[in-house]
Structure formats: structure tokens, C-alpha cells
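**Q** Next comes the structure file upload_21.cif, holding mmCIF, N, CA and C atoms.
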data_query
loop_
_atom_site.label_atom_id
_atom_site.label_comp_id
_atom_site.auth_asym_id
_atom_site.auth_seq_id
_atom_site.Cartn_x
_atom_site.Cartn_y
_atom_site.Cartn_z
N MET A 1 -19.15 -18.40 -55.52
CA MET A 1 -20.04 -17.45 -54.88
C MET A 1 -19.59 -17.30 -53.43
N PRO A 2 -19.31 -16.06 -52.96
CA PRO A 2 -18.82 -15.86 -51.60
C PRO A 2 -19.91 -16.15 -50.57
N ALA A 3 -19.46 -16.69 -49.45
CA ALA A 3 -20.40 -17.02 -48.37
C ALA A 3 -20.84 -15.73 -47.68
N GLU A 4 -22.12 -15.70 -47.34
CA GLU A 4 -22.64 -14.51 -46.64
C GLU A 4 -22.19 -14.56 -45.19
N PRO A 5 -21.87 -13.40 -44.62
CA PRO A 5 -21.45 -13.39 -43.21
C PRO A 5 -22.60 -13.80 -42.30
N VAL A 6 -22.25 -14.54 -41.28
CA VAL A 6 -23.25 -14.98 -40.32
C VAL A 6 -23.61 -13.81 -39.42
N PRO A 7 -24.90 -13.48 -39.30
CA PRO A 7 -25.26 -12.34 -38.45
C PRO A 7 -24.96 -12.66 -36.99
N GLN A 8 -24.33 -11.72 -36.34
CA GLN A 8 -23.99 -11.86 -34.92
C GLN A 8 -25.18 -11.42 -34.08
N THR A 9 -25.50 -12.23 -33.09
CA THR A 9 -26.58 -11.83 -32.18
C THR A 9 -25.99 -10.89 -31.14
N PRO A 10 -26.70 -9.83 -30.81
CA PRO A 10 -26.17 -8.91 -29.80
C PRO A 10 -26.02 -9.60 -28.46
N ALA A 11 -25.04 -9.16 -27.72
CA ALA A 11 -24.79 -9.75 -26.39
C ALA A 11 -25.98 -9.47 -25.49
N HIS A 12 -26.21 -10.38 -24.60
CA HIS A 12 -27.31 -10.23 -23.66
C HIS A 12 -27.03 -9.05 -22.74
N PRO A 13 -28.01 -8.16 -22.51
CA PRO A 13 -27.76 -6.99 -21.67
C PRO A 13 -27.32 -7.35 -20.25
N ALA A 14 -27.83 -8.45 -19.73
CA ALA A 14 -27.43 -8.86 -18.38
C ALA A 14 -25.96 -9.28 -18.36
N ALA A 15 -25.50 -9.92 -19.44
CA ALA A 15 -24.10 -10.32 -19.52
C ALA A 15 -23.20 -9.10 -19.63
N GLU A 16 -23.64 -8.07 -20.38
CA GLU A 16 -22.85 -6.85 -20.48
C GLU A 16 -22.77 -6.14 -19.13
N ARG A 17 -23.86 -6.11 -18.38
CA ARG A 17 -23.83 -5.50 -17.05
C ARG A 17 -22.92 -6.28 -16.12
N HIS A 18 -22.90 -7.61 -16.29
CA HIS A 18 -22.04 -8.46 -15.48
C HIS A 18 -20.57 -8.11 -15.73
N ILE A 19 -20.20 -7.89 -16.98
CA ILE A 19 -18.83 -7.54 -17.32
C ILE A 19 -18.50 -6.15 -16.79
N VAL A 20 -19.43 -5.22 -16.91
CA VAL A 20 -19.21 -3.86 -16.42
C VAL A 20 -19.01 -3.89 -14.90
N LYS A 21 -19.80 -4.68 -14.19
CA LYS A 21 -19.64 -4.78 -12.73
C LYS A 21 -18.29 -5.36 -12.37
N ARG A 22 -17.85 -6.38 -13.12
CA ARG A 22 -16.54 -6.98 -12.85
C ARG A 22 -15.42 -5.97 -13.06
N VAL A 23 -15.52 -5.20 -14.13
CA VAL A 23 -14.48 -4.20 -14.42
C VAL A 23 -14.49 -3.12 -13.34
N LEU A 24 -15.68 -2.67 -12.95
CA LEU A 24 -15.77 -1.63 -11.91
C LEU A 24 -15.25 -2.14 -10.57
N LEU A 25 -15.56 -3.38 -10.22
CA LEU A 25 -15.05 -3.95 -8.97
C LEU A 25 -13.52 -4.09 -9.03
N ALA A 26 -13.00 -4.54 -10.17
CA ALA A 26 -11.54 -4.67 -10.30
C ALA A 26 -10.87 -3.30 -10.21
N ALA A 27 -11.49 -2.28 -10.80
CA ALA A 27 -10.93 -0.93 -10.71
C ALA A 27 -10.96 -0.41 -9.27
N ALA A 28 -12.05 -0.69 -8.56
CA ALA A 28 -12.14 -0.27 -7.16
C ALA A 28 -11.11 -1.00 -6.30
N ILE A 29 -10.88 -2.27 -6.58
CA ILE A 29 -9.88 -3.04 -5.85
C ILE A 29 -8.48 -2.47 -6.12
N ALA A 30 -8.20 -2.14 -7.37
CA ALA A 30 -6.90 -1.56 -7.72
C ALA A 30 -6.72 -0.20 -7.03
N LEU A 31 -7.77 0.60 -7.01
CA LEU A 31 -7.69 1.91 -6.37
C LEU A 31 -7.46 1.78 -4.86
N ALA A 32 -8.17 0.86 -4.23
CA ALA A 32 -7.99 0.66 -2.79
C ALA A 32 -6.60 0.12 -2.48
N SER A 33 -6.10 -0.79 -3.31
CA SER A 33 -4.77 -1.35 -3.02
C SER A 33 -3.67 -0.32 -3.23
N VAL A 34 -3.82 0.55 -4.21
CA VAL A 34 -2.82 1.61 -4.40
C VAL A 34 -2.89 2.61 -3.25
N ASN A 35 -4.09 2.91 -2.76
CA ASN A 35 -4.23 3.85 -1.66
C ASN A 35 -3.69 3.30 -0.35
N ILE A 36 -3.59 2.00 -0.22
CA ILE A 36 -2.96 1.42 0.97
C ILE A 36 -1.50 1.87 1.04
N TRP A 37 -0.84 1.93 -0.12
CA TRP A 37 0.58 2.29 -0.16
C TRP A 37 0.81 3.79 -0.28
N THR A 38 -0.13 4.51 -0.87
CA THR A 38 0.13 5.93 -1.12
C THR A 38 -0.84 6.85 -0.39
N GLY A 39 -2.11 6.67 -0.58
CA GLY A 39 -3.11 7.60 -0.05
C GLY A 39 -3.16 7.67 1.46
N ALA A 40 -3.17 6.53 2.12
CA ALA A 40 -3.27 6.51 3.59
C ALA A 40 -2.04 7.16 4.26
N PRO A 41 -0.81 6.83 3.85
CA PRO A 41 0.33 7.52 4.47
C PRO A 41 0.34 9.03 4.18
N LEU A 42 -0.02 9.42 2.97
CA LEU A 42 -0.05 10.85 2.66
C LEU A 42 -1.11 11.58 3.47
N LEU A 43 -2.26 10.96 3.63
CA LEU A 43 -3.33 11.56 4.45
C LEU A 43 -2.87 11.69 5.90
N ALA A 44 -2.22 10.66 6.41
CA ALA A 44 -1.75 10.70 7.81
C ALA A 44 -0.72 11.80 8.01
N VAL A 45 0.22 11.94 7.08
CA VAL A 45 1.22 12.99 7.20
C VAL A 45 0.58 14.37 7.07
N TRP A 46 -0.39 14.50 6.17
CA TRP A 46 -1.07 15.78 6.00
C TRP A 46 -1.83 16.18 7.26
N VAL A 47 -2.55 15.22 7.86
CA VAL A 47 -3.27 15.53 9.11
C VAL A 47 -2.27 15.85 10.21
N GLY A 48 -1.19 15.09 10.31
CA GLY A 48 -0.17 15.35 11.32
C GLY A 48 0.50 16.71 11.16
N SER A 49 0.60 17.17 9.91
CA SER A 49 1.24 18.47 9.69
C SER A 49 0.41 19.62 10.25
N HIS A 50 -0.86 19.39 10.47
CA HIS A 50 -1.72 20.43 11.05
C HIS A 50 -1.60 20.49 12.57
N PHE A 51 -0.87 19.56 13.16
CA PHE A 51 -0.71 19.51 14.62
C PHE A 51 0.73 19.71 15.06
N HIS A 52 1.58 20.25 14.20
CA HIS A 52 2.99 20.38 14.54
C HIS A 52 3.19 21.48 15.57
N GLY A 53 4.35 21.42 16.22
CA GLY A 53 4.70 22.43 17.22
C GLY A 53 5.26 23.67 16.55
N GLU A 54 5.84 24.54 17.36
CA GLU A 54 6.39 25.79 16.84
C GLU A 54 7.48 25.52 15.79
N LYS A 55 8.57 24.90 16.20
CA LYS A 55 9.65 24.62 15.26
C LYS A 55 10.11 23.17 15.31
N THR A 56 9.54 22.40 16.19
CA THR A 56 9.95 21.02 16.34
C THR A 56 8.74 20.11 16.21
N LEU A 57 9.03 18.85 16.10
CA LEU A 57 7.99 17.85 16.03
C LEU A 57 7.35 17.70 17.41
N SER A 58 6.02 17.74 17.44
CA SER A 58 5.35 17.57 18.73
C SER A 58 4.81 16.15 18.84
N MET A 59 4.61 15.72 20.05
CA MET A 59 4.06 14.38 20.28
C MET A 59 2.62 14.29 19.79
N THR A 60 1.90 15.41 19.83
CA THR A 60 0.53 15.42 19.31
C THR A 60 0.53 15.13 17.81
N ALA A 61 1.43 15.75 17.08
CA ALA A 61 1.51 15.52 15.63
C ALA A 61 1.88 14.07 15.33
N LEU A 62 2.84 13.55 16.06
CA LEU A 62 3.25 12.16 15.86
C LEU A 62 2.10 11.21 16.19
N PHE A 63 1.41 11.46 17.28
CA PHE A 63 0.26 10.63 17.67
C PHE A 63 -0.82 10.68 16.61
N MET A 64 -1.09 11.86 16.06
CA MET A 64 -2.12 12.00 15.04
C MET A 64 -1.75 11.24 13.76
N VAL A 65 -0.48 11.29 13.40
CA VAL A 65 -0.03 10.54 12.21
C VAL A 65 -0.27 9.05 12.42
N VAL A 66 0.10 8.54 13.59
CA VAL A 66 -0.05 7.10 13.86
C VAL A 66 -1.53 6.71 13.89
N VAL A 67 -2.35 7.51 14.55
CA VAL A 67 -3.78 7.18 14.66
C VAL A 67 -4.46 7.24 13.30
N VAL A 68 -4.22 8.31 12.54
CA VAL A 68 -4.86 8.45 11.23
C VAL A 68 -4.38 7.34 10.29
N LEU A 69 -3.10 7.03 10.34
CA LEU A 69 -2.59 5.95 9.49
C LEU A 69 -3.23 4.61 9.85
N ALA A 70 -3.32 4.31 11.14
CA ALA A 70 -3.93 3.05 11.57
C ALA A 70 -5.40 2.97 11.15
N VAL A 71 -6.14 4.04 11.37
CA VAL A 71 -7.58 4.03 11.04
C VAL A 71 -7.79 3.90 9.54
N THR A 72 -7.04 4.66 8.74
CA THR A 72 -7.24 4.57 7.29
C THR A 72 -6.79 3.24 6.72
N GLU A 73 -5.71 2.68 7.25
CA GLU A 73 -5.27 1.36 6.77
C GLU A 73 -6.29 0.28 7.10
N ILE A 74 -6.81 0.31 8.32
CA ILE A 74 -7.83 -0.67 8.70
C ILE A 74 -9.07 -0.52 7.83
N ALA A 75 -9.48 0.72 7.57
CA ALA A 75 -10.65 0.96 6.72
C ALA A 75 -10.40 0.47 5.30
N LEU A 76 -9.21 0.72 4.77
CA LEU A 76 -8.91 0.27 3.40
C LEU A 76 -8.83 -1.25 3.30
N VAL A 77 -8.27 -1.89 4.30
CA VAL A 77 -8.20 -3.36 4.28
C VAL A 77 -9.61 -3.95 4.40
N PHE A 78 -10.46 -3.36 5.24
CA PHE A 78 -11.84 -3.81 5.36
C PHE A 78 -12.56 -3.62 4.03
N LEU A 79 -12.38 -2.46 3.40
CA LEU A 79 -12.99 -2.20 2.09
C LEU A 79 -12.50 -3.18 1.06
N LEU A 80 -11.21 -3.46 1.08
CA LEU A 80 -10.63 -4.41 0.13
C LEU A 80 -11.20 -5.81 0.32
N SER A 81 -11.39 -6.22 1.56
CA SER A 81 -11.97 -7.55 1.79
C SER A 81 -13.42 -7.61 1.33
N ARG A 82 -14.18 -6.54 1.53
CA ARG A 82 -15.57 -6.50 1.05
C ARG A 82 -15.63 -6.52 -0.48
N LEU A 83 -14.76 -5.74 -1.11
CA LEU A 83 -14.73 -5.72 -2.57
C LEU A 83 -14.29 -7.08 -3.12
N SER A 84 -13.33 -7.71 -2.46
CA SER A 84 -12.88 -9.03 -2.89
C SER A 84 -14.00 -10.06 -2.78
N GLY A 85 -14.75 -10.00 -1.68
CA GLY A 85 -15.89 -10.91 -1.53
C GLY A 85 -16.95 -10.68 -2.59
N ALA A 86 -17.22 -9.41 -2.91
CA ALA A 86 -18.20 -9.11 -3.94
C ALA A 86 -17.72 -9.59 -5.31
N TYR A 87 -16.43 -9.44 -5.58
CA TYR A 87 -15.88 -9.90 -6.85
C TYR A 87 -15.94 -11.43 -6.94
N ASP A 88 -15.57 -12.11 -5.87
CA ASP A 88 -15.63 -13.56 -5.87
C ASP A 88 -17.06 -14.06 -6.04
N GLU A 89 -18.01 -13.37 -5.41
CA GLU A 89 -19.42 -13.76 -5.56
C GLU A 89 -19.90 -13.52 -6.98
N LEU A 90 -19.48 -12.43 -7.58
CA LEU A 90 -19.90 -12.11 -8.94
C LEU A 90 -19.32 -13.09 -9.95
N THR A 91 -18.10 -13.56 -9.71
CA THR A 91 -17.45 -14.49 -10.63
C THR A 91 -17.67 -15.95 -10.24
N ASP A 92 -18.47 -16.21 -9.24
CA ASP A 92 -18.78 -17.57 -8.77
C ASP A 92 -17.53 -18.34 -8.36
N ARG A 93 -16.57 -17.66 -7.77
CA ARG A 93 -15.39 -18.32 -7.23
C ARG A 93 -15.78 -18.93 -5.89
N PRO A 94 -15.42 -20.16 -5.63
CA PRO A 94 -15.82 -20.78 -4.37
C PRO A 94 -15.18 -20.09 -3.17
N GLN A 95 -15.94 -20.04 -2.09
CA GLN A 95 -15.44 -19.43 -0.86
C GLN A 95 -14.32 -20.28 -0.27
N ALA A 96 -13.41 -19.63 0.40
CA ALA A 96 -12.30 -20.35 1.02
C ALA A 96 -12.83 -21.23 2.15
N MET A 97 -12.34 -22.44 2.17
CA MET A 97 -12.74 -23.33 3.25
C MET A 97 -11.94 -23.00 4.49
N ARG A 98 -12.50 -23.32 5.62
CA ARG A 98 -11.77 -23.15 6.86
C ARG A 98 -10.68 -24.20 6.91
N ARG A 99 -9.48 -23.76 7.11
CA ARG A 99 -8.34 -24.69 7.10
C ARG A 99 -8.25 -25.42 8.42
N THR A 100 -8.01 -26.70 8.32
CA THR A 100 -7.82 -27.53 9.49
C THR A 100 -6.34 -27.86 9.61
N SER A 101 -5.83 -27.76 10.78
CA SER A 101 -4.41 -28.06 10.99
C SER A 101 -4.12 -29.50 10.58
N PRO A 102 -2.93 -29.76 10.05
CA PRO A 102 -2.62 -31.10 9.57
C PRO A 102 -2.79 -32.18 10.64
N TRP A 103 -2.48 -31.87 11.89
CA TRP A 103 -2.56 -32.90 12.93
C TRP A 103 -4.00 -33.15 13.37
N LEU A 104 -4.95 -32.31 12.92
CA LEU A 104 -6.36 -32.54 13.24
C LEU A 104 -7.14 -33.14 12.07
N ARG A 105 -6.49 -33.33 10.94
CA ARG A 105 -7.16 -33.86 9.77
C ARG A 105 -7.33 -35.37 9.89
N SER A 106 -8.30 -35.85 9.14
CA SER A 106 -8.55 -37.27 9.08
C SER A 106 -7.42 -37.96 8.32
N MET A 107 -7.13 -39.16 8.68
CA MET A 107 -6.07 -39.91 8.02
C MET A 107 -6.59 -40.71 6.84
N ARG A 108 -7.87 -40.52 6.49
CA ARG A 108 -8.47 -41.30 5.41
C ARG A 108 -8.11 -40.76 4.04
N GLY A 109 -7.51 -39.60 3.98
CA GLY A 109 -7.07 -39.07 2.69
C GLY A 109 -8.17 -38.42 1.89
N GLU A 110 -9.12 -37.72 2.55
CA GLU A 110 -10.14 -37.02 1.79
C GLU A 110 -9.52 -35.91 0.98
N ARG A 111 -10.15 -35.64 -0.13
CA ARG A 111 -9.64 -34.58 -0.99
C ARG A 111 -10.37 -33.28 -0.68
N GLU A 112 -9.62 -32.21 -0.73
CA GLU A 112 -10.21 -30.90 -0.52
C GLU A 112 -10.45 -30.28 -1.90
N THR A 113 -11.62 -30.54 -2.48
CA THR A 113 -11.87 -30.10 -3.85
C THR A 113 -12.02 -28.59 -3.95
N LEU A 114 -12.62 -27.95 -2.97
CA LEU A 114 -12.77 -26.50 -3.05
C LEU A 114 -11.43 -25.81 -2.95
N GLU A 115 -10.53 -26.31 -2.13
CA GLU A 115 -9.21 -25.72 -2.04
C GLU A 115 -8.44 -25.89 -3.34
N GLU A 116 -8.64 -27.00 -4.03
CA GLU A 116 -7.98 -27.20 -5.30
C GLU A 116 -8.48 -26.21 -6.34
N LYS A 117 -9.78 -25.88 -6.29
CA LYS A 117 -10.33 -24.89 -7.22
C LYS A 117 -9.79 -23.50 -6.93
N ARG A 118 -9.52 -23.20 -5.67
CA ARG A 118 -9.03 -21.88 -5.29
C ARG A 118 -7.51 -21.78 -5.36
N LYS A 119 -6.85 -22.85 -5.79
CA LYS A 119 -5.40 -22.88 -5.76
C LYS A 119 -4.78 -21.77 -6.61
N ASN A 120 -5.34 -21.50 -7.78
CA ASN A 120 -4.81 -20.45 -8.65
C ASN A 120 -5.16 -19.08 -8.11
N LEU A 121 -4.34 -18.11 -8.44
CA LEU A 121 -4.61 -16.74 -8.02
C LEU A 121 -5.82 -16.20 -8.78
N GLY A 122 -6.67 -15.52 -8.05
CA GLY A 122 -7.80 -14.86 -8.67
C GLY A 122 -7.41 -13.45 -9.10
N ALA A 123 -8.36 -12.73 -9.66
CA ALA A 123 -8.09 -11.38 -10.14
C ALA A 123 -7.69 -10.45 -9.00
N VAL A 124 -8.34 -10.62 -7.85
CA VAL A 124 -8.05 -9.75 -6.71
C VAL A 124 -6.62 -9.96 -6.24
N GLU A 125 -6.20 -11.20 -6.13
CA GLU A 125 -4.84 -11.48 -5.68
C GLU A 125 -3.82 -10.96 -6.69
N ARG A 126 -4.12 -11.09 -7.98
CA ARG A 126 -3.20 -10.59 -9.00
C ARG A 126 -3.06 -9.07 -8.90
N ILE A 127 -4.19 -8.38 -8.70
CA ILE A 127 -4.15 -6.92 -8.56
C ILE A 127 -3.31 -6.53 -7.36
N LEU A 128 -3.46 -7.23 -6.25
CA LEU A 128 -2.69 -6.91 -5.05
C LEU A 128 -1.20 -7.18 -5.26
N VAL A 129 -0.87 -8.27 -5.91
CA VAL A 129 0.53 -8.58 -6.16
C VAL A 129 1.16 -7.52 -7.06
N VAL A 130 0.46 -7.13 -8.12
CA VAL A 130 0.97 -6.10 -9.02
C VAL A 130 1.14 -4.78 -8.26
N SER A 131 0.19 -4.46 -7.40
CA SER A 131 0.26 -3.22 -6.61
C SER A 131 1.50 -3.22 -5.71
N VAL A 132 1.75 -4.30 -5.04
CA VAL A 132 2.91 -4.38 -4.14
C VAL A 132 4.21 -4.32 -4.93
N VAL A 133 4.29 -5.04 -6.04
CA VAL A 133 5.51 -5.04 -6.85
C VAL A 133 5.78 -3.63 -7.39
N LEU A 134 4.74 -2.95 -7.88
CA LEU A 134 4.94 -1.59 -8.38
C LEU A 134 5.36 -0.63 -7.28
N ALA A 135 4.79 -0.80 -6.09
CA ALA A 135 5.18 0.07 -4.97
C ALA A 135 6.64 -0.14 -4.60
N VAL A 136 7.10 -1.37 -4.56
CA VAL A 136 8.49 -1.66 -4.23
C VAL A 136 9.43 -1.13 -5.31
N ILE A 137 9.06 -1.33 -6.57
CA ILE A 137 9.91 -0.83 -7.66
C ILE A 137 9.97 0.70 -7.62
N ALA A 138 8.84 1.35 -7.40
CA ALA A 138 8.83 2.82 -7.32
C ALA A 138 9.70 3.31 -6.17
N PHE A 139 9.63 2.64 -5.04
CA PHE A 139 10.46 3.04 -3.90
C PHE A 139 11.94 2.86 -4.22
N GLU A 140 12.30 1.75 -4.82
CA GLU A 140 13.70 1.50 -5.14
C GLU A 140 14.23 2.51 -6.16
N VAL A 141 13.42 2.83 -7.17
CA VAL A 141 13.84 3.83 -8.15
C VAL A 141 14.05 5.17 -7.47
N TRP A 142 13.13 5.57 -6.62
CA TRP A 142 13.29 6.83 -5.91
C TRP A 142 14.53 6.80 -5.01
N PHE A 143 14.70 5.72 -4.27
CA PHE A 143 15.80 5.64 -3.30
C PHE A 143 17.16 5.69 -4.00
N PHE A 144 17.32 4.93 -5.06
CA PHE A 144 18.63 4.83 -5.69
C PHE A 144 18.92 5.96 -6.67
N PHE A 145 17.90 6.59 -7.26
CA PHE A 145 18.16 7.57 -8.30
C PHE A 145 17.74 9.00 -7.95
N PHE A 146 16.76 9.20 -7.11
CA PHE A 146 16.22 10.54 -6.90
C PHE A 146 16.34 11.07 -5.49
N SER A 147 16.60 10.23 -4.50
CA SER A 147 16.69 10.73 -3.14
C SER A 147 18.01 11.48 -2.94
N PRO A 148 17.99 12.53 -2.13
CA PRO A 148 19.24 13.27 -1.90
C PRO A 148 20.22 12.43 -1.09
N SER A 149 21.47 12.58 -1.42
CA SER A 149 22.52 11.83 -0.74
C SER A 149 22.78 12.45 0.64
N PRO A 150 22.92 11.63 1.69
CA PRO A 150 23.18 12.19 3.02
C PRO A 150 24.63 12.64 3.19
N ILE A 151 25.46 12.35 2.24
CA ILE A 151 26.87 12.70 2.36
C ILE A 151 27.13 14.10 1.82
#
Will you turn the file into C-alpha cells for me?
**A**
Amino acid sequence: MPAEPVPQTPAHPAAERHIVKRVLLAAAIALASVNIWTGAPLLAVWVGSHFHGEKTLSMTALFMVVVVLAVTEIALVFLLSRLSGAYDELTDRPQAMRRTSPWLRSMRGERETLEEKRKNLGAVERILVVSVVLAVIAFEVWFFFFSPSPI
């Protein structure tokens, strides 16, 4: 006689919302990290293009590119740190301890248990590493295969 399947209990709605929040935070982190490499420079160049001179590059356009790039990069890094903190809080990852210089540490050999827990890369760090690696690979592919030759 075949065994009857065990009825599955539906997932708790709070647990499903927790997973949805984690996925949304990870997606926002990925979007912010990609925009650090692509969106902010493109925005800065676009704003600078509205301040160009007659036929040459003007100092106003160059200044606007630098200012817009600096402001958007700072804003994206601030947003990324806030999103990272929210993700760490949602996943109950311990906060980073304040690091003490080796020459100021006690010689008794205390263990830093929170630092050991944070030793592995979290989701935020993995997303950032993947973002940087993809940006470098995309640049190299463009440079070696698609950029016009200066010769």
C-alpha cells in the first residue's frame, strides 16, 4: 500500500515577507553598485554636455562634470551603506566591531568572536565584488575588441 504524501504546511506570511524584503534589498544594492560604475559617469557627462562651449571644451562643462560626478558618487555610496546596513539588520548579521590597532590591543589573547562571525563575505560584499569584476571585464572587452584604433 503506497504511503500517503505528508501535507505541507504553508509558509508563514511573515517569513515570506522577510524573503521578499531580502530579495528587494539585494536588488537595490545591485542596482546602486552598477550605477556607481555606469549611471553616475553617464549622468555627469550628460549634464556637462549641456554646458559646452561653441566648438571647444569649456571649463564650465568640465567643472560641471566633476561636480555632478562627485555628488552622485557620494550619494550612491551613502545609499549603498544604508542599504547594506538594512540588509545586515534584516539578516541578523553582527555589526562590525571597531578595530583596535595591534599595538593597542591587550596581550592577554582575547578572542574577537564578532569579527570571526563577520569573516566570511556577506551578500552585499558578494554583490559588490561581482559588480566590480563585471565592470572590469566589460571595459577590457570594449578596449581590446570594440574601441577604435588610434593608428
**Q** Can you tell me how far atom C of A:Phe144 sits from atom CA of A:Leu62, in Å to one decimal?
**A** 28.1 Å
**Q** What is the distance between atom CA of A:Glu89 and atom CA of A:Leu76, in Å to one decimal?
**A**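 If I compute the distance from atom CA of A:Glu89 to atom CA of A:Leu76, I get 19.7 Å.
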**Q** One decimal, Å: what's the distance from atom CA of A:Val67 over to atom CA of A:Gly48, could you say?
**A**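 Going from atom CA of A:Val67 over to atom CA of A:Gly48 covers 9.5 Å.
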**Q** Out of A:Ala61, A:Val34, A:Ala40, A:Ala26, which residue has the shortest atom-to-atom distance to A:Val132 when counting all atoms listed in the file?
**A**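 Using all atoms listed in the file, A:Val132 sits closest to A:Val34.
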**Q** With distances taken over all atoms listed in the file, which of A:Ile19, A:Leu57, A:Ala30, A:Leu43 is nearest to A:Val124?
**A**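 Between A:Ile19, A:Leu57, A:Ala30, A:Leu43, the residue approaching A:Val124 most closely is A:Ala30.
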**Q** Using the file's own x, y and z axes, what box holds all listed atoms of stretch 17-31 of chain A with 4 Å on each side, keeping edges along x, y and z, and what are its centre and edge lengths in Å to one decimal, as AutoDock Vina command-line options?
**A**
--center_x -15.3 --center_y -3.3 --center_z -11.6 --size_x 25.1 --size_y 18.4 --size_z 21.5
**Q** Which is closest to A:Ile36 among A:Met64, A:Val133, A:Val20, A:Thr72, if we use all atoms listed in the file?
**A**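 Counting all atoms listed in the file, the residue closest to A:Ile36 is A:Thr72.
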**Q** List every residue of stretch 42-78 of chain A that DSSP, applied to the backbone of this structure, assigns to helix (DSSP H, G or I), and report them as a list of chain:residue names.
**A**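 DSSP-assigned helix (DSSP H, G or I) residues in stretch 42-78 of chain A: A:Leu42, A:Leu43, A:Ala44, A:Val45, A:Trp46, A:Val47, A:Gly48, A:Ser49, A:Met59, A:Thr60, A:Ala61, A:Leu62, A:Phe63, A:Met64, A:Val65, A:Val66, A:Val67, A:Val68, A:Leu69, A:Ala70, A:Val71, A:Thr72, A:Glu73, A:Ile74, A:Ala75, A:Leu76, A:Val77, A:Phe78.
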**Q** Once the PyMOL selection byres (((chain A and resi 86 and name CA) around 12) and name CA) has been applied to the shown file, what residues remain in the selection, as number ranges by chain?
**A** A: 21-22, 24-26, 28-29, 79-85, 87-95, 124
**Q** What's the 9 Å shell around A:Ser49, counting only C-alpha atoms, without same-chain residues fewer than 4 positions away, as a list in words?
**A**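 Surrounding residues, per the criterion: Ala44, Val45, Ala61 and Val65 of chain A.
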